[in-house]
>>> print(open('model.txt').read())   # compact mmCIF, C-alpha atoms
# COMPACT_ATOMS: atom_id res chain seq x y z
CA MET E 1361 -12.92 187.16 -21.47
CA LYS E 1362 -12.26 186.35 -17.82
CA PHE E 1363 -10.62 183.42 -16.09
CA VAL E 1364 -13.96 182.49 -14.50
CA ASP E 1365 -15.39 182.05 -18.00
CA PHE E 1366 -13.17 179.07 -18.77
CA VAL E 1367 -11.09 177.95 -15.77
CA CYS E 1368 -12.52 174.92 -13.98
CA PHE E 1369 -11.87 175.62 -10.30
CA GLY E 1370 -12.51 171.95 -9.59
CA ALA E 1371 -9.41 171.21 -11.66
CA VAL E 1372 -6.68 173.28 -10.04
CA VAL E 1373 -3.74 171.35 -8.65
CA PRO E 1374 -1.56 173.31 -6.19
CA GLN E 1375 1.19 170.70 -6.18
CA LEU E 1376 1.51 168.51 -9.27
CA LYS E 1377 2.92 165.11 -8.38
CA THR E 1378 5.26 164.91 -11.31
CA THR E 1379 8.06 167.09 -12.66
CA ASP E 1380 7.98 165.78 -16.21
CA ARG E 1381 6.02 167.45 -18.96
CA ASP E 1382 3.85 164.57 -20.12
CA GLY E 1383 3.05 163.60 -16.54
CA ALA E 1384 1.94 167.13 -15.72
CA ILE E 1385 -0.25 167.24 -18.82
CA ALA E 1386 -1.81 163.88 -17.93
CA GLU E 1387 -2.46 165.00 -14.36
CA LEU E 1388 -4.21 168.19 -15.44
CA VAL E 1389 -6.31 166.51 -18.13
CA THR E 1390 -7.24 163.86 -15.57
CA SER E 1391 -8.37 166.52 -13.12
CA LEU E 1392 -10.60 168.03 -15.82
CA ASP E 1393 -11.95 164.56 -16.50
CA LYS E 1394 -12.68 164.00 -12.80
CA ALA E 1395 -14.51 167.33 -12.75
CA ARG E 1396 -16.59 165.87 -15.63
CA LYS E 1397 -15.58 168.54 -18.10
CA LEU E 1398 -14.43 166.31 -20.94
CA GLY E 1399 -17.19 163.86 -21.70
CA ARG E 1400 -16.89 160.16 -20.98
CA GLY E 1401 -13.99 158.19 -22.42
CA ASN E 1402 -12.06 161.12 -23.88
CA ARG E 1403 -9.35 161.53 -21.29
CA GLU E 1404 -6.63 159.51 -23.03
CA LYS E 1405 -7.32 160.99 -26.47
CA ILE E 1406 -7.08 164.51 -25.10
CA ILE E 1407 -3.87 163.80 -23.20
CA GLN E 1408 -2.36 162.53 -26.45
CA ALA E 1409 -3.60 165.56 -28.40
CA VAL E 1410 -2.02 167.99 -25.92
CA ILE E 1411 1.28 166.08 -25.87
CA LYS E 1412 1.32 165.93 -29.68
CA ARG E 1413 0.83 169.69 -29.85
CA GLU E 1414 3.54 170.21 -27.26
CA LYS E 1415 5.99 168.16 -29.31
CA GLU E 1416 5.45 170.41 -32.32
CA ALA E 1417 6.60 173.45 -30.35
CA SER E 1418 6.95 173.95 -26.63
CA THR E 1419 4.32 176.14 -25.03
CA GLY E 1420 6.80 176.85 -22.26
CA ILE E 1421 7.23 180.42 -23.34
CA GLY E 1422 9.65 181.43 -20.62
CA LYS E 1423 9.51 183.03 -17.17
CA GLY E 1424 8.46 179.78 -15.51
CA VAL E 1425 5.08 179.39 -17.19
CA ALA E 1426 3.67 177.00 -19.79
CA VAL E 1427 0.36 176.95 -21.58
CA PRO E 1428 -0.12 173.48 -23.07
CA HIS E 1429 -3.28 173.29 -25.15
CA ALA E 1430 -5.13 171.45 -27.88
CA LYS E 1431 -8.27 171.66 -29.91
CA HIS E 1432 -10.13 168.38 -29.97
CA PRO E 1433 -13.47 167.31 -31.52
CA ALA E 1434 -14.46 165.52 -28.29
CA VAL E 1435 -14.37 168.79 -26.35
CA LYS E 1436 -17.78 170.48 -26.24
CA ASN E 1437 -16.91 173.50 -24.11
CA MET E 1438 -13.58 175.23 -23.78
CA VAL E 1439 -12.10 174.63 -20.35
CA ALA E 1440 -8.81 175.14 -18.53
CA ALA E 1441 -7.01 173.52 -15.61
CA VAL E 1442 -4.22 175.10 -13.56
CA GLY E 1443 -1.32 173.24 -11.96
CA LEU E 1444 1.74 174.28 -9.98
CA ASN E 1445 4.95 172.56 -9.04
CA SER E 1446 7.38 174.27 -6.72
CA SER E 1447 10.37 172.17 -7.82
CA GLY E 1448 9.85 173.03 -11.46
CA ILE E 1449 8.84 170.96 -14.49
CA ASP E 1450 11.03 170.42 -17.53
CA PHE E 1451 8.87 171.75 -20.35
CA SER E 1452 11.71 172.27 -22.85
CA ALA E 1453 10.87 175.93 -22.39
CA LEU E 1454 12.11 178.56 -24.81
CA ASP E 1455 14.36 180.05 -22.12
CA LYS E 1456 15.49 176.55 -21.03
CA GLN E 1457 14.28 177.25 -17.48
CA PRO E 1458 11.95 175.05 -15.42
CA VAL E 1459 8.22 175.73 -15.40
CA TYR E 1460 6.42 176.34 -12.11
CA SER E 1461 2.94 177.27 -13.32
CA VAL E 1462 0.96 175.43 -15.98
CA ILE E 1463 -2.33 176.56 -17.49
CA LEU E 1464 -3.75 173.80 -19.68
CA LEU E 1465 -6.50 174.75 -22.13
CA VAL E 1466 -8.62 172.43 -24.24
CA SER E 1467 -10.99 173.81 -26.85
CA PRO E 1468 -13.49 172.50 -29.38
CA VAL E 1469 -12.25 172.61 -32.98
CA ASP E 1470 -15.01 174.88 -34.25
CA GLU E 1471 -14.56 177.88 -31.96
CA PRO E 1472 -11.17 179.32 -32.89
CA ASP E 1473 -12.12 182.86 -31.83
CA LYS E 1474 -13.05 181.81 -28.30
CA HIS E 1475 -9.73 179.98 -28.04
CA LEU E 1476 -7.93 183.17 -29.07
CA GLN E 1477 -9.80 185.19 -26.47
CA ALA E 1478 -8.93 182.74 -23.70
CA MET E 1479 -5.27 182.86 -24.75
CA GLU E 1480 -5.41 186.63 -24.70
CA THR E 1481 -6.65 186.55 -21.10
CA ILE E 1482 -4.04 183.99 -20.06
CA PHE E 1483 -1.12 185.88 -21.59
CA LYS E 1484 -2.33 189.28 -20.46
CA HIS E 1485 -2.01 188.09 -16.87
CA LEU E 1486 1.08 185.93 -17.33
CA GLN E 1487 2.84 189.00 -18.71
CA ASN E 1488 2.38 190.61 -15.34
CA GLU E 1489 5.32 189.76 -13.10
CA LYS E 1490 3.29 190.20 -9.92
CA PHE E 1491 0.64 187.78 -11.14
CA ARG E 1492 3.26 185.18 -12.05
CA LYS E 1493 4.85 185.51 -8.64
CA PHE E 1494 1.56 185.26 -6.75
CA LEU E 1495 0.44 182.28 -8.81
CA ARG E 1496 3.68 180.43 -8.20
CA GLN E 1497 3.37 181.03 -4.44
CA CYS E 1498 -0.15 179.61 -4.11
CA GLN E 1499 -0.30 176.62 -1.77
CA THR E 1500 -3.93 175.58 -2.00
CA SER E 1501 -6.67 175.34 -4.61
CA GLU E 1502 -8.55 178.07 -2.77
CA GLN E 1503 -5.61 180.45 -3.07
CA ILE E 1504 -5.38 179.80 -6.81
CA GLU E 1505 -9.10 180.39 -7.24
CA ASP E 1506 -8.96 183.60 -5.19
CA LEU E 1507 -6.00 184.88 -7.20
CA LEU E 1508 -7.68 184.21 -10.55
CA ARG E 1509 -10.92 185.85 -9.40
CA GLU E 1510 -8.98 188.83 -8.11
CA ALA E 1511 -7.08 189.10 -11.39
CA ASP E 1512 -10.43 189.14 -13.23
CA GLU E 1513 -11.63 192.05 -11.11
CA ASN E 1514 -8.37 193.94 -11.05
CA PRO E 1515 -6.28 193.28 -14.19
CA SER E 1516 -3.26 195.12 -12.82
CA LEU E 1517 -3.55 193.28 -9.48
CA MET R 1251 7.81 205.50 -45.81
CA GLN R 1252 11.51 206.10 -45.49
CA THR R 1253 13.17 209.00 -43.80
CA GLY R 1254 16.11 210.83 -45.38
CA GLN R 1255 19.54 209.51 -46.13
CA ASP R 1256 21.15 210.71 -42.93
CA SER R 1257 22.60 207.58 -41.39
CA LEU R 1258 21.71 208.84 -37.91
CA GLU R 1259 18.05 208.75 -38.77
CA LYS R 1260 16.19 205.51 -38.45
CA THR R 1261 14.30 203.94 -41.27
CA VAL R 1262 10.68 203.65 -40.20
CA CYS R 1263 8.24 201.57 -42.21
CA GLU R 1264 4.63 200.66 -41.60
CA THR R 1265 2.19 198.32 -43.21
CA THR R 1266 -1.18 196.78 -42.51
CA VAL R 1267 -1.74 193.05 -42.91
CA GLU R 1268 -4.88 190.96 -42.67
CA ILE R 1269 -5.05 187.61 -40.89
CA LYS R 1270 -6.19 185.07 -43.50
CA ASN R 1271 -6.00 181.66 -41.82
CA ALA R 1272 -9.24 180.38 -40.33
CA ASP R 1273 -7.94 179.83 -36.81
CA GLY R 1274 -6.39 183.28 -36.51
CA LEU R 1275 -3.22 184.28 -34.71
CA HIS R 1276 -3.09 181.50 -32.14
CA MET R 1277 0.12 180.45 -30.49
CA ARG R 1278 1.81 178.55 -33.30
CA PRO R 1279 1.37 181.34 -35.87
CA ALA R 1280 2.43 183.85 -33.23
CA MET R 1281 5.63 181.86 -32.75
CA GLN R 1282 6.29 181.82 -36.49
CA PHE R 1283 5.83 185.58 -36.51
CA VAL R 1284 8.20 186.09 -33.58
CA ASP R 1285 10.77 183.76 -35.19
CA ILE R 1286 10.84 185.78 -38.39
CA ALA R 1287 10.71 189.13 -36.61
CA GLY R 1288 13.68 188.02 -34.50
CA GLN R 1289 15.82 187.53 -37.60
CA PHE R 1290 15.87 191.28 -38.18
CA GLU R 1291 17.76 193.96 -36.39
CA CYS R 1292 14.97 196.54 -36.46
CA ASP R 1293 12.42 197.04 -33.69
CA ILE R 1294 9.03 195.69 -34.63
CA SER R 1295 5.73 196.61 -33.04
CA VAL R 1296 2.30 195.27 -33.92
CA SER R 1297 -1.03 196.84 -33.10
CA ASN R 1298 -4.70 196.06 -33.36
CA ASN R 1299 -7.07 198.89 -32.54
CA GLU R 1300 -6.58 198.46 -28.82
CA ILE R 1301 -3.02 197.59 -27.94
CA ILE R 1302 0.49 197.87 -29.32
CA VAL R 1303 2.82 194.94 -28.63
CA ASP R 1304 6.41 193.93 -29.26
CA GLY R 1305 6.51 191.81 -32.43
CA LYS R 1306 9.46 189.86 -31.06
CA SER R 1307 7.71 188.71 -27.84
CA ILE R 1308 5.62 185.56 -27.98
CA MET R 1309 3.72 186.49 -24.83
CA GLN R 1310 2.84 189.89 -26.17
CA MET R 1311 1.94 188.66 -29.64
CA SER R 1312 -0.43 186.09 -28.11
CA MET R 1313 -2.28 188.96 -26.45
CA LEU R 1314 -3.47 190.33 -29.78
CA ALA R 1315 -6.12 187.59 -30.12
CA ALA R 1316 -6.33 188.41 -33.82
CA SER R 1317 -9.05 186.31 -35.42
CA CYS R 1318 -9.39 185.63 -39.12
CA GLY R 1319 -10.12 188.91 -40.93
CA THR R 1320 -8.44 191.08 -38.31
CA LYS R 1321 -6.16 193.78 -39.64
CA LEU R 1322 -2.91 194.40 -37.82
CA LYS R 1323 -0.59 197.34 -38.23
CA ILE R 1324 3.09 196.41 -38.24
CA LYS R 1325 5.67 199.11 -37.65
CA ALA R 1326 9.39 198.50 -38.09
CA GLU R 1327 12.18 200.85 -37.09
CA GLY R 1328 15.79 200.19 -38.02
CA PRO R 1329 18.16 199.58 -40.91
CA ASP R 1330 16.39 196.46 -42.21
CA ALA R 1331 12.84 197.68 -41.57
CA GLN R 1332 11.61 197.25 -45.12
CA GLU R 1333 12.98 193.72 -45.47
CA ALA R 1334 11.36 192.77 -42.18
CA LEU R 1335 7.97 194.04 -43.28
CA ASN R 1336 8.25 192.19 -46.58
CA ALA R 1337 9.03 188.93 -44.81
CA LEU R 1338 6.23 189.36 -42.27
CA ARG R 1339 3.69 190.27 -44.91
CA GLU R 1340 4.63 187.14 -46.84
CA LEU R 1341 4.14 185.01 -43.71
CA VAL R 1342 0.78 186.51 -42.72
CA GLU R 1343 -0.89 187.16 -46.06
CA ASP R 1344 0.74 184.94 -48.69
CA LYS R 1345 1.52 181.86 -46.63
CA HIS R 1346 -1.17 182.51 -44.00
CA PHE R 1347 1.10 180.73 -41.53
CA ASP R 1348 0.91 177.51 -43.60
CA GLU R 1349 -2.64 177.04 -42.34
CA PRO R 1350 -5.95 176.76 -44.21
CA THR R 1351 -8.08 179.80 -44.96
CA PRO R 1352 -11.80 179.49 -44.03
CA LYS R 1353 -12.57 178.36 -47.58
CA GLU R 1354 -9.86 175.71 -47.57
CA LYS R 1355 -10.96 174.54 -44.15
CA ASN R 1356 -14.56 174.05 -45.31
CA ASN R 1357 -13.44 172.12 -48.35
CA LYS R 1358 -11.51 169.84 -46.10
CA LEU R 1359 -14.50 169.22 -43.85
CA PHE R 1360 -17.09 168.47 -46.52
>>> encode(input="model.txt", output="structure tokens")
Amino acid sequence: MKFVDFVCFGAVVPQLKTTDRDGAIAELVTSLDKARKLGRGNREKIIQAVIKREKEASTGIGKGVAVPHAKHPAVKNMVAAVGLNSSGIDFSALDKQPVYSVILLVSPVDEPDKHLQAMETIFKHLQNEKFRKFLRQCQTSEQIEDLLREADENPSL
Amino acid sequence: MQTGQDSLEKTVCETTVEIKNADGLHMRPAMQFVDIAGQFECDISVSNNEIIVDGKSIMQMSMLAASCGTKLKIKAEGPDAQEALNALRELVEDKHFDEPTPKEKNNKLF
């Protein structure tokens, strides 16, 4: 699977306004909602679902990245938003370090295999130090989109 | 499979496990796996047919995208290799990560 198959480029936020975890999650879900990817009236429920999941175990897996996510019945098509914050967000990450890049993924409940494939794509690239560095340095939505498209074409960047 | 009694030689063990929970090896199960793997001294690698990853790295384990029914080969190298494999097999196959199997999931829905 490729980034273009699930990332909503209308919902990339080059500078998140907040440096707290729940605020960042709310901002990204809201940007998906504004891009009309969530169905009417589901925004709040999905924010709560992602925060609930995050409380069970942090998706801040280290190296400055976090991948908050949730499966929710209101979600018809899997979709992801991307947000950055250059001052760093406290995600209670496994390595206790701040998070600079957030990829938020919401999936329907009945497509677990697609969710796994999207996660595979996300982690394959986040593993790559160069990709993490480039992502963190993006200043505009266009730069983020270009980087993700380039990563799709050239997995080793 | 254990190699001789020479203490300089490493114990190497391998096993194949099948993912049984309906949602597959998503992030939470992958974390459980990494947690248990991390309790052992031995090196642990996990492979599907395409890639081999470090069984103690959450990022790498999440790259396996192992759906329900997928078979994974786990290889452990080190003094406690056999114990590690036993514990990981129990997690994946017996406890199926404390999540429902497809059958259990359907029963819950209907």
>>> closest_atom_pairs(input="model.txt", of="range 1417-1489 of chain E", to="range 1257-1273 of chain R", cutoff="10 Å", atoms="only C-alpha atoms", output="Markdown table")
| residue | atom | partner | partner_atom | distance |
| --- | --- | --- | --- | --- |
| E:Val1469 | CA | R:Asp1273 | CA | 9.2 |
| E:Asp1470 | CA | R:Asp1273 | CA | 9.0 |
| E:Glu1471 | CA | R:Asp1273 | CA | 8.4 |
| E:Pro1472 | CA | R:Asp1273 | CA | 5.1 |
| E:Asp1473 | CA | R:Asp1273 | CA | 7.2 |
| E:His1475 | CA | R:Asp1273 | CA | 9.0 |
| E:Leu1476 | CA | R:Asp1273 | CA | 8.4 |
>>> write_last_selection(input="model.txt", atoms="C-alpha atoms", output="mmCIF file, keeping the file's coordinate frame")
data_model
loop_
_atom_site.group_PDB
_atom_site.id
_atom_site.type_symbol
_atom_site.label_atom_id
_atom_site.label_comp_id
_atom_site.auth_asym_id
_atom_site.auth_seq_id
_atom_site.Cartn_x
_atom_site.Cartn_y
_atom_site.Cartn_z
ATOM 1 C CA VAL E 1469 -12.250 172.610 -32.980
ATOM 2 C CA ASP E 1470 -15.010 174.880 -34.250
ATOM 3 C CA GLU E 1471 -14.560 177.880 -31.960
ATOM 4 C CA PRO E 1472 -11.170 179.320 -32.890
ATOM 5 C CA ASP E 1473 -12.120 182.860 -31.830
ATOM 6 C CA HIS E 1475 -9.730 179.980 -28.040
ATOM 7 C CA LEU E 1476 -7.930 183.170 -29.070
#
>>> closest_residue(input="model.txt", among="E:Val1435, E:Ala1395, E:Val1462, E:Leu1454", to="Asp1285 in chain R", atoms="only C-alpha atoms")
E:Leu1454
>>> residues_around(input="model.txt", residues="Lys1325 in chain R", least_positions_apart="3", cutoff="10 Å", atoms="all atoms listed in the file", output="list of chain:residue names")
R:Val1262, R:Cys1263, R:Glu1264, R:Thr1265, R:Thr1266, R:Cys1292, R:Asp1293, R:Ile1294, R:Ser1295, R:Val1296, R:Ser1297, R:Ile1302, R:Asp1304, R:Gly1305, R:Leu1322, R:Ala1331, R:Gln1332, R:Ala1334, R:Leu1335
>>> write_last_selection(input="model.txt", atoms="C-alpha atoms", output="PDB file, in the coordinates of the input")
ATOM      1  CA  VAL R1262      10.680 203.650 -40.200  1.00  0.00           C
ATOM      2  CA  CYS R1263       8.240 201.570 -42.210  1.00  0.00           C
ATOM      3  CA  GLU R1264       4.630 200.660 -41.600  1.00  0.00           C
ATOM      4  CA  THR R1265       2.190 198.320 -43.210  1.00  0.00           C
ATOM      5  CA  THR R1266      -1.180 196.780 -42.510  1.00  0.00           C
ATOM      6  CA  CYS R1292      14.970 196.540 -36.460  1.00  0.00           C
ATOM      7  CA  ASP R1293      12.420 197.040 -33.690  1.00  0.00           C
ATOM      8  CA  ILE R1294       9.030 195.690 -34.630  1.00  0.00           C
ATOM      9  CA  SER R1295       5.730 196.610 -33.040  1.00  0.00           C
ATOM     10  CA  VAL R1296       2.300 195.270 -33.920  1.00  0.00           C
ATOM     11  CA  SER R1297      -1.030 196.840 -33.100  1.00  0.00           C
ATOM     12  CA  ILE R1302       0.490 197.870 -29.320  1.00  0.00           C
ATOM     13  CA  ASP R1304       6.410 193.930 -29.260  1.00  0.00           C
ATOM     14  CA  GLY R1305       6.510 191.810 -32.430  1.00  0.00           C
ATOM     15  CA  LEU R1322      -2.910 194.400 -37.820  1.00  0.00           C
ATOM     16  CA  ALA R1331      12.840 197.680 -41.570  1.00  0.00           C
ATOM     17  CA  GLN R1332      11.610 197.250 -45.120  1.00  0.00           C
ATOM     18  CA  ALA R1334      11.360 192.770 -42.180  1.00  0.00           C
ATOM     19  CA  LEU R1335       7.970 194.040 -43.280  1.00  0.00           C
TER      20      LEU R1335
END
>>> residues_around(input="model.txt", residues="Leu1444 in chain E", least_positions_apart="4", cutoff="6 Å", atoms="all atoms listed in the file", output="PyMOL selection string")
chain E and resi 1374-1376+1460-1461
>>> write_last_selection(input="model.txt", atoms="C-alpha atoms", output="PDB file, keeping the file's coordinate frame")
ATOM      1  CA  PRO E1374      -1.560 173.310  -6.190  1.00  0.00           C
ATOM      2  CA  GLN E1375       1.190 170.700  -6.180  1.00  0.00           C
ATOM      3  CA  LEU E1376       1.510 168.510  -9.270  1.00  0.00           C
ATOM      4  CA  TYR E1460       6.420 176.340 -12.110  1.00  0.00           C
ATOM      5  CA  SER E1461       2.940 177.270 -13.320  1.00  0.00           C
TER       6      SER E1461
END
>>> atom_distance(input="model.txt", atom1="CA of Arg1278 in chain R", atom2="CA of Asp1382 in chain E")
19.3 Å
>>> residues_around(input="model.txt", residues="Arg1509 in chain E", least_positions_apart="2", cutoff="12 Å", atoms="all atoms listed in the file", output="compact mmCIF listing (two decimals) with C-alpha atoms, in the frame of the given file")
# COMPACT_ATOMS: atom_id res chain seq x y z
CA LYS E 1362 -12.26 186.35 -17.82
CA PHE E 1363 -10.62 183.42 -16.09
CA VAL E 1364 -13.96 182.49 -14.50
CA ASP E 1365 -15.39 182.05 -18.00
CA PHE E 1366 -13.17 179.07 -18.77
CA VAL E 1367 -11.09 177.95 -15.77
CA CYS E 1368 -12.52 174.92 -13.98
CA PHE E 1369 -11.87 175.62 -10.30
CA HIS E 1485 -2.01 188.09 -16.87
CA PHE E 1491 0.64 187.78 -11.14
CA LEU E 1495 0.44 182.28 -8.81
CA GLU E 1502 -8.55 178.07 -2.77
CA GLN E 1503 -5.61 180.45 -3.07
CA ILE E 1504 -5.38 179.80 -6.81
CA GLU E 1505 -9.10 180.39 -7.24
CA ASP E 1506 -8.96 183.60 -5.19
CA LEU E 1507 -6.00 184.88 -7.20
CA ALA E 1511 -7.08 189.10 -11.39
CA ASP E 1512 -10.43 189.14 -13.23
CA GLU E 1513 -11.63 192.05 -11.11
CA ASN E 1514 -8.37 193.94 -11.05
CA PRO E 1515 -6.28 193.28 -14.19
CA LEU E 1517 -3.55 193.28 -9.48
>>> interface_residues(input="model.txt", of="chain R", to="chain E", cutoff="9 Å", atoms="all atoms listed in the file", output="list in words")
Ala1272, Asp1273, Gly1274, Leu1275, His1276, Met1277, Arg1278, Met1281, Ile1308, Met1309, Gln1310, Ser1312, Met1313, Leu1314, Ala1315, Ala1316, Ser1317 and Cys1318 of chain R
>>> closest_residue(input="model.txt", among="R:Glu1327, R:Lys1345, R:Glu1354, R:Asn1336", to="Gln1282 in chain R", atoms="only C-alpha atoms")
R:Lys1345
